[in-house]
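Student: Just passing along the structure, written as structure tokens.
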Amino acid sequence: MSKEKLESEHFNTIDDSPIKLAEGKKEESASQNESISILIGGAAGAGIMSLENVLTDAFKRCGYFVFSTKEYMSRVRGGSNTTLLRISNVPICAPCWQVDIFIALDAEALEHVQERLGPTTIVLADESIKDETLTMTAMPMLEAVREVGNVRYANAYVAGVLFAMFSLDKQKLSKSIEILFQEQSPEENETAMQEGFSYGTSLRSVEMPKHLSSLVHDPKKMHLLNGSSAAGFGFLLGGCNMITSYPMSPSTGVLNFMASMSNEFEIVVEQSEDEIASLNMVLGGWYSGARAMTSTSGGGFALMTEAISLSGVSETPAVVYLAQRPGPATGLPTRTEQGDLNLAIHSGHGYFGRIVLAPGDLQECIDYAYLAVELADRYQMPVIYMSDQYLADSIAMMSDLDFSKYEQRRYLQKTEASYNRYSLKDGAISPRGVPGFGEGLIVSSSHEHDERGQSTESYHTREQMQKKRQEKIERSIEEAFAPKVIGQGDIAIIGWGSTEAVIEEVLKVLNDARLFQVHFSWVHPLNPEHLNVLKEAKTIIVIENNTIGDFADILKVHDVNIDHRILQSNGFAFFTDLLEVKLSKILKEIR
Amino acid sequence: MKHPLDRANINNAWCPGCGNFGILKLIEEVLTELELDAKNIVIVAGIGQSSKTPYYIDTNMFSGLHGRALPVATAIKVSNPSLTVIAEGGDGDMYGEGGNHFMHTIRRNPDIVHIVHNNMVYGLTQGQASPTSQKGFKTPVQVRGVESEPFNPISVALALRAGFVARVNIGNYEHAKIVLKEAFLHKGYALVDIFQPCVVFNKVNTYRWFKDNTYELESTYKNNNLASAMEKALEVEPMPIGILYKSLSSTFEDHQRGENKKPLFEMKHDLKKLQTLFDQY
């Protein structure tokens, strides 16, 4: 765009009404009875991730809805990791604890997952693995793949076995192998898959726990991706053109995604020396007209908090993608938790506004990433987008999306010579200019400052500026998004962020007319009017993946009476079947 | 004594006789003589007495956090390469709190001028040792005198192959001006470490001391040799002033932006292309 063209561009102001999101298509979700779950266990480096990619892709090609999630140790090789796949004829988006099929790639895997095997679980393992306590189906896997040339091909072999057991179209699996193994011996993997398939055919007599009914959707119209990639698409949709980050699990997926996209779009991607530099670069970027973000997890975010405060006082927009993992300190680096809500809400010293968003599903991963950039620009304040390891790494499916429906706004002003960065004449949100666009000077300050941006210790000015920042918060509360309310009843089941789908599935299974779901994806600041729906409920149950119920405590501050909390902080996401048991127990008491 | 670049209606907070006054004048005169447009200049500062400078010069300013001017300046420059960007702060700010950014900004080589006011003491917090304080320097905290080795920014910058490494003494004003001008003309990261006295909290390293303990590099000195620059950098009593080393290499903006040096605020992503990429998932 030329400068002249830019000058004739329409720029947005705070007077434009806030962005509204299009209602996403919500399809029926599956109960566990309509799905098959497959757990695969093996050491890090053994290629479970490639197997996950191949199987999700191939099941999608066959017309199924697929969900997959992994739990892994903080090591690059060895240990014992698992990937869970759920396949269904209706949308599915949450993990289960007990599985229908378990495939052990090594003996350690058997030990690692023992508790997840039920009486009906079919256990498949190589014939060399012995365990008297279990009924196992022994596969000649290692012998077969050694013949093909390498034990690495065991993954393709297993995929073949599964496809044969389900009597699925082998061609579709071949296609997935061809695409996903194109740089890793595609022919050998294809041969291993064929070997697995012909062995698997002999297993069709093994009684399958369930059968998937006929297909109900066109897989071409569905998209298969993980929470990191969905967030990345959303940030790009919000016009993000700079990311400066220090790598940290589980946030790195977004950094990798944006880096890969920098070949296609004008995006500055820089790996900073530390998280302090990351967020300071983000502020420099916005100050000079970029739409900048950083990605991190709790420990890195803790280092950023002084710069969050700088974003607040200097009214420089900032976007932080915060993918949570369990703390304190290093905690469980590769596992999941919703433990950093208070850190996000209270980060930074001094009084200023910020917005905290926590998407619940893939559609929201995109929408709220888009919104994060938009809202940072609109209110000139930090926006923290909270994901977690579970949401970031899980692969699921979502409906088609039309990107042209997302309005591309920019809240900028071509400045005049008399421009004052913190002008009070148009209300609390002063139009933002950037250096080199117009006649004005952009004077941004970390000190308490006057309208020009000059540092001041005048108590009158201080009070005016605190009021200005307070009014920005009030504006963001006024325009906050309401929680999603699903169903009607008098027992409210409340969640926030990544637990949306698991709660939804459990409520579906329980099929109890008394229950309704209230899910928060805009978690801070809350608009009290949006909580009225809770005040009408007779019983309120909050479900959170943290130790004491941080969000429940926030609701209490807003005079919402919390009757029960279902909490966990063991490093796992909630599992549908286990959550169902916990919730049923409480519901029995309410009866 | 008013300069056209002086910001109007300000209340200067420095002590009478402070070395910062000289540096303020130096920067204003160099910017004016180079005929740079104030609207296209951004001064990024940290926190400290020296970091008050951009509040007194009528250009764009981002006054940020202690130690953090360099990452902000780097991002401003890459987002809009047509701007002239200065990162300014003191020895404690740039070499202490911001030491990590100092190293990594040199490695990135953004086209910015890095001005460090080096008075070998903490002024704003009233008299503690700075990373460049000399051994034995007594303060209310370092009561037995400084025991740590002083930080040598020049040799550190050279070890990281910074493209422009200079030191000046504000007491030698005309010499300082020639060097600072060169720093602005250099394409890439340029370090100008400026000796300056703190007349209140450092009674050792005075105008007189800096005069007696520095010498201008000989006119025959060749500043294109890293090894001889390093040798010079390690000299003490007296310390050389001038441009110790100069060499050109591609900048952070070259790597990040390639041929396209348009400000990022003039650009938008092609959503059709984004849609196509999404549809492949």
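Residues in the structure tokens are numbered from 1 in each chain, the chains being A, B, ... in the order shown, and ligands are numbered from 1 in the order shown.
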For chain A, work out the contacting residues on chain B at 7 Å, counting only C-alpha atoms, and write them as an mmCIF file with N, CA, C and O atoms, in the first residue's frame.
Tutor:
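Output below, filename result-v1.cif:
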```cif
data_model
loop_
_atom_site.group_PDB
_atom_site.id
_atom_site.type_symbol
_atom_site.label_atom_id
_atom_site.label_comp_id
_atom_site.auth_asym_id
_atom_site.auth_seq_id
_atom_site.Cartn_x
_atom_site.Cartn_y
_atom_site.Cartn_z
ATOM 1 N N LYS B 39 10.408 14.417 13.258
ATOM 2 C CA LYS B 39 9.246 13.524 13.168
ATOM 3 C C LYS B 39 9.641 12.089 12.843
ATOM 4 O O LYS B 39 8.876 11.171 13.052
ATOM 5 N N ASN B 40 10.865 11.956 12.282
ATOM 6 C CA ASN B 40 11.318 10.606 11.919
ATOM 7 C C ASN B 40 12.393 10.083 12.853
ATOM 8 O O ASN B 40 13.075 9.109 12.535
ATOM 9 N N TYR B 55 13.102 13.360 27.275
ATOM 10 C CA TYR B 55 12.021 14.256 27.726
ATOM 11 C C TYR B 55 12.368 15.714 27.425
ATOM 12 O O TYR B 55 11.522 16.594 27.534
ATOM 13 N N THR B 59 11.663 15.217 19.901
ATOM 14 C CA THR B 59 11.517 14.182 18.869
ATOM 15 C C THR B 59 10.487 13.179 19.396
ATOM 16 O O THR B 59 9.955 13.357 20.483
ATOM 17 N N ASN B 60 10.240 12.125 18.650
ATOM 18 C CA ASN B 60 9.426 11.031 19.187
ATOM 19 C C ASN B 60 10.193 10.370 20.331
ATOM 20 O O ASN B 60 11.428 10.386 20.349
ATOM 21 N N MET B 61 9.463 9.805 21.253
ATOM 22 C CA MET B 61 10.128 9.212 22.412
ATOM 23 C C MET B 61 9.362 8.004 22.914
ATOM 24 O O MET B 61 8.135 7.980 22.929
ATOM 25 N N PHE B 62 10.108 6.998 23.309
ATOM 26 C CA PHE B 62 9.508 5.910 24.077
ATOM 27 C C PHE B 62 10.360 5.753 25.325
ATOM 28 O O PHE B 62 11.486 5.264 25.265
ATOM 29 N N SER B 63 9.832 6.208 26.444
ATOM 30 C CA SER B 63 10.559 6.074 27.699
ATOM 31 C C SER B 63 10.035 4.822 28.383
ATOM 32 O O SER B 63 8.895 4.768 28.813
ATOM 33 N N GLY B 64 10.874 3.795 28.417
ATOM 34 C CA GLY B 64 10.405 2.495 28.878
ATOM 35 C C GLY B 64 10.905 2.125 30.255
ATOM 36 O O GLY B 64 10.908 2.953 31.165
ATOM 37 N N LEU B 65 11.358 0.871 30.377
ATOM 38 C CA LEU B 65 11.771 0.336 31.667
ATOM 39 C C LEU B 65 13.288 0.370 31.814
ATOM 40 O O LEU B 65 14.017 0.398 30.826
ATOM 41 N N ARG B 68 15.754 -1.792 29.506
ATOM 42 C CA ARG B 68 15.046 -2.441 28.388
ATOM 43 C C ARG B 68 14.923 -1.592 27.128
ATOM 44 O O ARG B 68 14.066 -1.865 26.279
ATOM 45 N N PRO B 71 15.747 -3.725 23.332
ATOM 46 C CA PRO B 71 14.749 -4.514 22.596
ATOM 47 C C PRO B 71 13.630 -3.648 22.022
ATOM 48 O O PRO B 71 13.132 -3.924 20.919
ATOM 49 N N VAL B 72 13.242 -2.601 22.734
ATOM 50 C CA VAL B 72 12.198 -1.697 22.219
ATOM 51 C C VAL B 72 12.705 -1.014 20.950
ATOM 52 O O VAL B 72 12.030 -0.985 19.910
ATOM 53 N N ALA B 73 13.931 -0.494 21.014
ATOM 54 C CA ALA B 73 14.502 0.228 19.869
ATOM 55 C C ALA B 73 14.644 -0.694 18.658
ATOM 56 O O ALA B 73 14.340 -0.310 17.524
ATOM 57 N N ALA B 75 12.851 -3.287 17.895
ATOM 58 C CA ALA B 75 11.536 -3.566 17.311
ATOM 59 C C ALA B 75 10.990 -2.347 16.581
ATOM 60 O O ALA B 75 10.338 -2.480 15.536
ATOM 61 N N ILE B 76 11.248 -1.149 17.102
ATOM 62 C CA ILE B 76 10.771 0.062 16.429
ATOM 63 C C ILE B 76 11.422 0.181 15.055
ATOM 64 O O ILE B 76 10.769 0.452 14.053
ATOM 65 N N SER B 79 10.121 -2.421 12.568
ATOM 66 C CA SER B 79 8.734 -2.180 12.167
ATOM 67 C C SER B 79 8.630 -1.019 11.184
ATOM 68 O O SER B 79 7.690 -0.953 10.403
ATOM 69 N N ASN B 80 9.561 -0.105 11.267
ATOM 70 C CA ASN B 80 9.578 1.027 10.344
ATOM 71 C C ASN B 80 11.028 1.452 10.094
ATOM 72 O O ASN B 80 11.544 2.361 10.736
ATOM 73 N N HIS B 104 22.903 -9.232 23.007
ATOM 74 C CA HIS B 104 22.140 -9.811 21.900
ATOM 75 C C HIS B 104 21.727 -8.774 20.864
ATOM 76 O O HIS B 104 21.505 -9.116 19.709
ATOM 77 N N GLN B 256 15.295 -9.398 8.391
ATOM 78 C CA GLN B 256 13.870 -9.580 8.681
ATOM 79 C C GLN B 256 12.981 -9.109 7.536
ATOM 80 O O GLN B 256 11.955 -9.720 7.279
ATOM 81 N N LEU B 264 5.448 -1.377 8.809
ATOM 82 C CA LEU B 264 4.458 -2.462 8.928
ATOM 83 C C LEU B 264 3.032 -1.921 9.034
ATOM 84 O O LEU B 264 2.083 -2.600 8.665
ATOM 85 N N PHE B 265 2.881 -0.671 9.511
ATOM 86 C CA PHE B 265 1.508 -0.153 9.625
ATOM 87 C C PHE B 265 0.884 0.120 8.271
ATOM 88 O O PHE B 265 -0.315 0.328 8.164
ATOM 89 N N GLU B 266 1.690 0.110 7.220
ATOM 90 C CA GLU B 266 1.138 0.300 5.872
ATOM 91 C C GLU B 266 0.716 -1.018 5.236
ATOM 92 O O GLU B 266 0.257 -1.047 4.107
ATOM 93 N N MET B 267 0.902 -2.127 5.953
ATOM 94 C CA MET B 267 0.685 -3.427 5.323
ATOM 95 C C MET B 267 -0.446 -4.211 5.983
ATOM 96 O O MET B 267 -0.685 -4.057 7.170
ATOM 97 N N LYS B 268 -1.078 -5.041 5.157
ATOM 98 C CA LYS B 268 -2.094 -5.955 5.677
ATOM 99 C C LYS B 268 -1.855 -7.325 5.068
ATOM 100 O O LYS B 268 -1.370 -7.429 3.949
ATOM 101 N N HIS B 269 -2.245 -8.375 5.786
ATOM 102 C CA HIS B 269 -2.094 -9.724 5.230
ATOM 103 C C HIS B 269 -3.153 -9.974 4.163
ATOM 104 O O HIS B 269 -4.265 -9.459 4.240
ATOM 105 N N LEU B 271 -5.863 -12.002 3.001
ATOM 106 C CA LEU B 271 -6.745 -12.988 3.638
ATOM 107 C C LEU B 271 -7.115 -14.142 2.717
ATOM 108 O O LEU B 271 -7.387 -15.249 3.179
ATOM 109 N N GLN B 275 -6.789 -17.928 3.697
ATOM 110 C CA GLN B 275 -7.888 -18.888 3.553
ATOM 111 C C GLN B 275 -7.398 -20.149 2.829
ATOM 112 O O GLN B 275 -7.691 -21.268 3.246
ATOM 113 N N TYR B 281 -5.739 -27.641 5.671
ATOM 114 C CA TYR B 281 -5.759 -28.421 6.920
ATOM 115 C C TYR B 281 -6.974 -29.338 6.967
ATOM 116 O O TYR B 281 -8.000 -29.013 6.417
#
```
Student: Taking the backbone alone, and naming residues the way the document does, which bits of range 213-266 of chain B are strand (DSSP E or B) by DSSP, as a PyMOL selection string?
Tutor: chain B and resi 214-216+239-246
Student: Take the residues from that selection and put them in a file with C-alpha atoms, as a PDB file, in the first residue's frame.
Tutor:
```pdb
ATOM      1  CA  THR B 214      41.809   9.515  28.258  1.00  0.00           C
ATOM      2  CA  TYR B 215      43.618  10.264  25.014  1.00  0.00           C
ATOM      3  CA  GLU B 216      42.369  10.671  21.455  1.00  0.00           C
ATOM      4  CA  MET B 239      41.985   4.964  27.952  1.00  0.00           C
ATOM      5  CA  PRO B 240      41.722   5.721  24.249  1.00  0.00           C
ATOM      6  CA  ILE B 241      38.731   7.686  22.930  1.00  0.00           C
ATOM      7  CA  GLY B 242      37.487   7.738  19.344  1.00  0.00           C
ATOM      8  CA  ILE B 243      36.198   5.124  16.930  1.00  0.00           C
ATOM      9  CA  LEU B 244      37.991   1.939  17.871  1.00  0.00           C
ATOM     10  CA  TYR B 245      36.388  -0.299  15.303  1.00  0.00           C
ATOM     11  CA  LYS B 246      34.221  -0.048  12.230  1.00  0.00           C
TER      12      LYS B 246
END
```
Student: Report, in Å to a single decimal, how far apart CA of Gly98 in chain B and CA of Gln142 in chain B are.
Tutor: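 Separation between CA of Gln142 in chain B and CA of Gly98 in chain B: 21.1 Å.
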Student: Name the residues in contact with Phe197 in chain A at a cut-off of 8 Å, using only C-alpha atoms, excluding same-chain residues fewer than 4 positions from it; report them as a PDB file with all heavy atoms, in the first residue's frame.
Tutor:
```
ATOM      1  N   TYR A 157       3.230 -49.961  10.616  1.00  0.00           N
ATOM      2  CA  TYR A 157       2.709 -51.317  10.796  1.00  0.00           C
ATOM      3  C   TYR A 157       1.442 -51.281  11.660  1.00  0.00           C
ATOM      4  O   TYR A 157       0.409 -51.849  11.302  1.00  0.00           O
ATOM      5  CB  TYR A 157       3.794 -52.180  11.452  1.00  0.00           C
ATOM      6  CG  TYR A 157       3.401 -53.628  11.687  1.00  0.00           C
ATOM      7  CD1 TYR A 157       3.663 -54.616  10.736  1.00  0.00           C
ATOM      8  CD2 TYR A 157       2.771 -54.003  12.873  1.00  0.00           C
ATOM      9  CE1 TYR A 157       3.315 -55.946  10.958  1.00  0.00           C
ATOM     10  CE2 TYR A 157       2.412 -55.329  13.109  1.00  0.00           C
ATOM     11  CZ  TYR A 157       2.680 -56.294  12.141  1.00  0.00           C
ATOM     12  OH  TYR A 157       2.328 -57.595  12.368  1.00  0.00           O
ATOM     13  N   ALA A 159      -0.515 -48.781  12.236  1.00  0.00           N
ATOM     14  CA  ALA A 159      -1.605 -48.116  11.518  1.00  0.00           C
ATOM     15  C   ALA A 159      -2.308 -49.122  10.613  1.00  0.00           C
ATOM     16  O   ALA A 159      -3.546 -49.156  10.532  1.00  0.00           O
ATOM     17  CB  ALA A 159      -1.062 -46.936  10.715  1.00  0.00           C
ATOM     18  N   GLY A 160      -1.518 -49.956   9.955  1.00  0.00           N
ATOM     19  CA  GLY A 160      -2.072 -50.985   9.083  1.00  0.00           C
ATOM     20  C   GLY A 160      -2.939 -51.966   9.851  1.00  0.00           C
ATOM     21  O   GLY A 160      -4.045 -52.312   9.417  1.00  0.00           O
ATOM     22  N   VAL A 161      -2.448 -52.397  11.019  1.00  0.00           N
ATOM     23  CA  VAL A 161      -3.201 -53.336  11.852  1.00  0.00           C
ATOM     24  C   VAL A 161      -4.570 -52.744  12.186  1.00  0.00           C
ATOM     25  O   VAL A 161      -5.611 -53.389  12.022  1.00  0.00           O
ATOM     26  CB  VAL A 161      -2.417 -53.675  13.146  1.00  0.00           C
ATOM     27  CG1 VAL A 161      -3.295 -54.477  14.109  1.00  0.00           C
ATOM     28  CG2 VAL A 161      -1.132 -54.419  12.823  1.00  0.00           C
ATOM     29  N   LEU A 162      -4.563 -51.499  12.652  1.00  0.00           N
ATOM     30  CA  LEU A 162      -5.814 -50.857  13.065  1.00  0.00           C
ATOM     31  C   LEU A 162      -6.794 -50.743  11.908  1.00  0.00           C
ATOM     32  O   LEU A 162      -7.986 -51.025  12.052  1.00  0.00           O
ATOM     33  CB  LEU A 162      -5.536 -49.469  13.643  1.00  0.00           C
ATOM     34  CG  LEU A 162      -4.967 -49.453  15.061  1.00  0.00           C
ATOM     35  CD1 LEU A 162      -4.488 -48.058  15.421  1.00  0.00           C
ATOM     36  CD2 LEU A 162      -6.023 -49.929  16.063  1.00  0.00           C
ATOM     37  N   PHE A 163      -6.282 -50.316  10.755  1.00  0.00           N
ATOM     38  CA  PHE A 163      -7.163 -50.140   9.604  1.00  0.00           C
ATOM     39  C   PHE A 163      -7.797 -51.471   9.191  1.00  0.00           C
ATOM     40  O   PHE A 163      -8.967 -51.522   8.810  1.00  0.00           O
ATOM     41  CB  PHE A 163      -6.417 -49.474   8.436  1.00  0.00           C
ATOM     42  CG  PHE A 163      -6.814 -48.043   8.269  1.00  0.00           C
ATOM     43  CD1 PHE A 163      -6.650 -47.146   9.317  1.00  0.00           C
ATOM     44  CD2 PHE A 163      -7.401 -47.589   7.089  1.00  0.00           C
ATOM     45  CE1 PHE A 163      -7.046 -45.830   9.193  1.00  0.00           C
ATOM     46  CE2 PHE A 163      -7.816 -46.262   6.959  1.00  0.00           C
ATOM     47  CZ  PHE A 163      -7.629 -45.386   8.008  1.00  0.00           C
ATOM     48  N   ALA A 164      -7.020 -52.544   9.289  1.00  0.00           N
ATOM     49  CA  ALA A 164      -7.564 -53.861   8.941  1.00  0.00           C
ATOM     50  C   ALA A 164      -8.624 -54.289   9.953  1.00  0.00           C
ATOM     51  O   ALA A 164      -9.687 -54.780   9.583  1.00  0.00           O
ATOM     52  CB  ALA A 164      -6.431 -54.878   8.903  1.00  0.00           C
ATOM     53  N   LYS A 170      -7.889 -49.280   2.839  1.00  0.00           N
ATOM     54  CA  LYS A 170      -6.428 -49.254   2.911  1.00  0.00           C
ATOM     55  C   LYS A 170      -5.829 -48.142   2.039  1.00  0.00           C
ATOM     56  O   LYS A 170      -4.805 -47.555   2.365  1.00  0.00           O
ATOM     57  CB  LYS A 170      -5.896 -50.619   2.463  1.00  0.00           C
ATOM     58  CG  LYS A 170      -4.465 -50.864   2.820  1.00  0.00           C
ATOM     59  CD  LYS A 170      -4.090 -52.335   2.675  1.00  0.00           C
ATOM     60  CE  LYS A 170      -4.180 -52.782   1.213  1.00  0.00           C
ATOM     61  NZ  LYS A 170      -3.708 -54.183   1.038  1.00  0.00           N
ATOM     62  N   MET A 193       3.197 -50.891   6.536  1.00  0.00           N
ATOM     63  CA  MET A 193       1.746 -50.752   6.712  1.00  0.00           C
ATOM     64  C   MET A 193       1.030 -51.955   6.096  1.00  0.00           C
ATOM     65  O   MET A 193       0.127 -52.538   6.702  1.00  0.00           O
ATOM     66  CB  MET A 193       1.294 -49.435   6.070  1.00  0.00           C
ATOM     67  CG  MET A 193      -0.175 -49.118   6.234  1.00  0.00           C
ATOM     68  SD  MET A 193      -1.227 -49.949   5.033  1.00  0.00           S
ATOM     69  CE  MET A 193      -1.038 -48.862   3.629  1.00  0.00           C
ATOM     70  N   THR A 201      -5.916 -58.167   9.348  1.00  0.00           N
ATOM     71  CA  THR A 201      -7.077 -58.840   8.762  1.00  0.00           C
ATOM     72  C   THR A 201      -7.411 -60.113   9.545  1.00  0.00           C
ATOM     73  O   THR A 201      -8.579 -60.442   9.763  1.00  0.00           O
ATOM     74  CB  THR A 201      -6.786 -59.190   7.286  1.00  0.00           C
ATOM     75  OG1 THR A 201      -6.198 -58.041   6.693  1.00  0.00           O
ATOM     76  CG2 THR A 201      -8.046 -59.533   6.534  1.00  0.00           C
TER      77      THR A 201
END
```
Student: As a PyMOL selection string, please: every residue in range 101-227 of chain A that DSSP puts in alpha helix (DSSP H).
Tutor: chain A and resi 107-113+141-148+154-165+170-180+186-201+227
Student: Write out as number ranges by chain which residues come within 7 Å of Cys18 in chain B when counting only C-alpha atoms, dropping same-chain ones fewer than 5 positions away.
Tutor: B: 197-199
Student: Excluding range 7-11 of chain B and any residue of its chain fewer than 2 positions from it, enumerate the residues within 7 Å of it, using only C-alpha atoms, and give them as a PDB file with N, CA, C and O atoms, in the first residue's frame.
Tutor:
```pdb
ATOM      1  N   LEU B   5      15.759  22.185  18.873  1.00  0.00           N
ATOM      2  CA  LEU B   5      15.234  20.858  19.227  1.00  0.00           C
ATOM      3  C   LEU B   5      14.868  20.736  20.704  1.00  0.00           C
ATOM      4  O   LEU B   5      14.408  19.686  21.140  1.00  0.00           O
ATOM      5  N   ALA B  13      15.442  18.242  35.294  1.00  0.00           N
ATOM      6  CA  ALA B  13      15.613  17.721  36.650  1.00  0.00           C
ATOM      7  C   ALA B  13      17.064  17.382  37.007  1.00  0.00           C
ATOM      8  O   ALA B  13      17.315  16.774  38.044  1.00  0.00           O
ATOM      9  N   TYR B  56      13.638  15.959  27.084  1.00  0.00           N
ATOM     10  CA  TYR B  56      14.086  17.338  26.860  1.00  0.00           C
ATOM     11  C   TYR B  56      14.350  17.645  25.388  1.00  0.00           C
ATOM     12  O   TYR B  56      14.662  18.767  25.032  1.00  0.00           O
ATOM     13  N   ILE B  57      14.297  16.585  24.531  1.00  0.00           N
ATOM     14  CA  ILE B  57      14.545  16.793  23.100  1.00  0.00           C
ATOM     15  C   ILE B  57      13.225  16.605  22.360  1.00  0.00           C
ATOM     16  O   ILE B  57      12.521  15.625  22.589  1.00  0.00           O
ATOM     17  N   ASP B  58      12.901  17.505  21.455  1.00  0.00           N
ATOM     18  CA  ASP B  58      11.590  17.445  20.820  1.00  0.00           C
ATOM     19  C   ASP B  58      11.585  16.511  19.601  1.00  0.00           C
ATOM     20  O   ASP B  58      11.498  16.937  18.452  1.00  0.00           O
TER      21      ASP B  58
END
```
Student: With a distance cut-off of 8 Å and only C-alpha atoms, select the neighbouring residues of Glu88 in chain B, excluding the residue or stretch itself and same-chain residues fewer than 3 positions from it, and output the selection as a ChimeraX atom specification.
Tutor: /B:43-46,50-51,69,114-117
Student: Just want the 9 Å neighbourhood of range 318-328 of chain A, counted on only C-alpha atoms, with same-chain residues fewer than 2 positions away dropped. Output as a ChimeraX atom specification.
Tutor: /A:231,249-252,254,279,282-283,286,291-301,308,311,316,330-340,344,369,372-373,376-377,380-392,546,569-571
Student: Have a look at CA of Leu21 in chain A and CA of Gln363 in chain A and let me know their distance in Å, one decimal.
Tutor: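 Here the two named atoms are 10.7 Å from each other.
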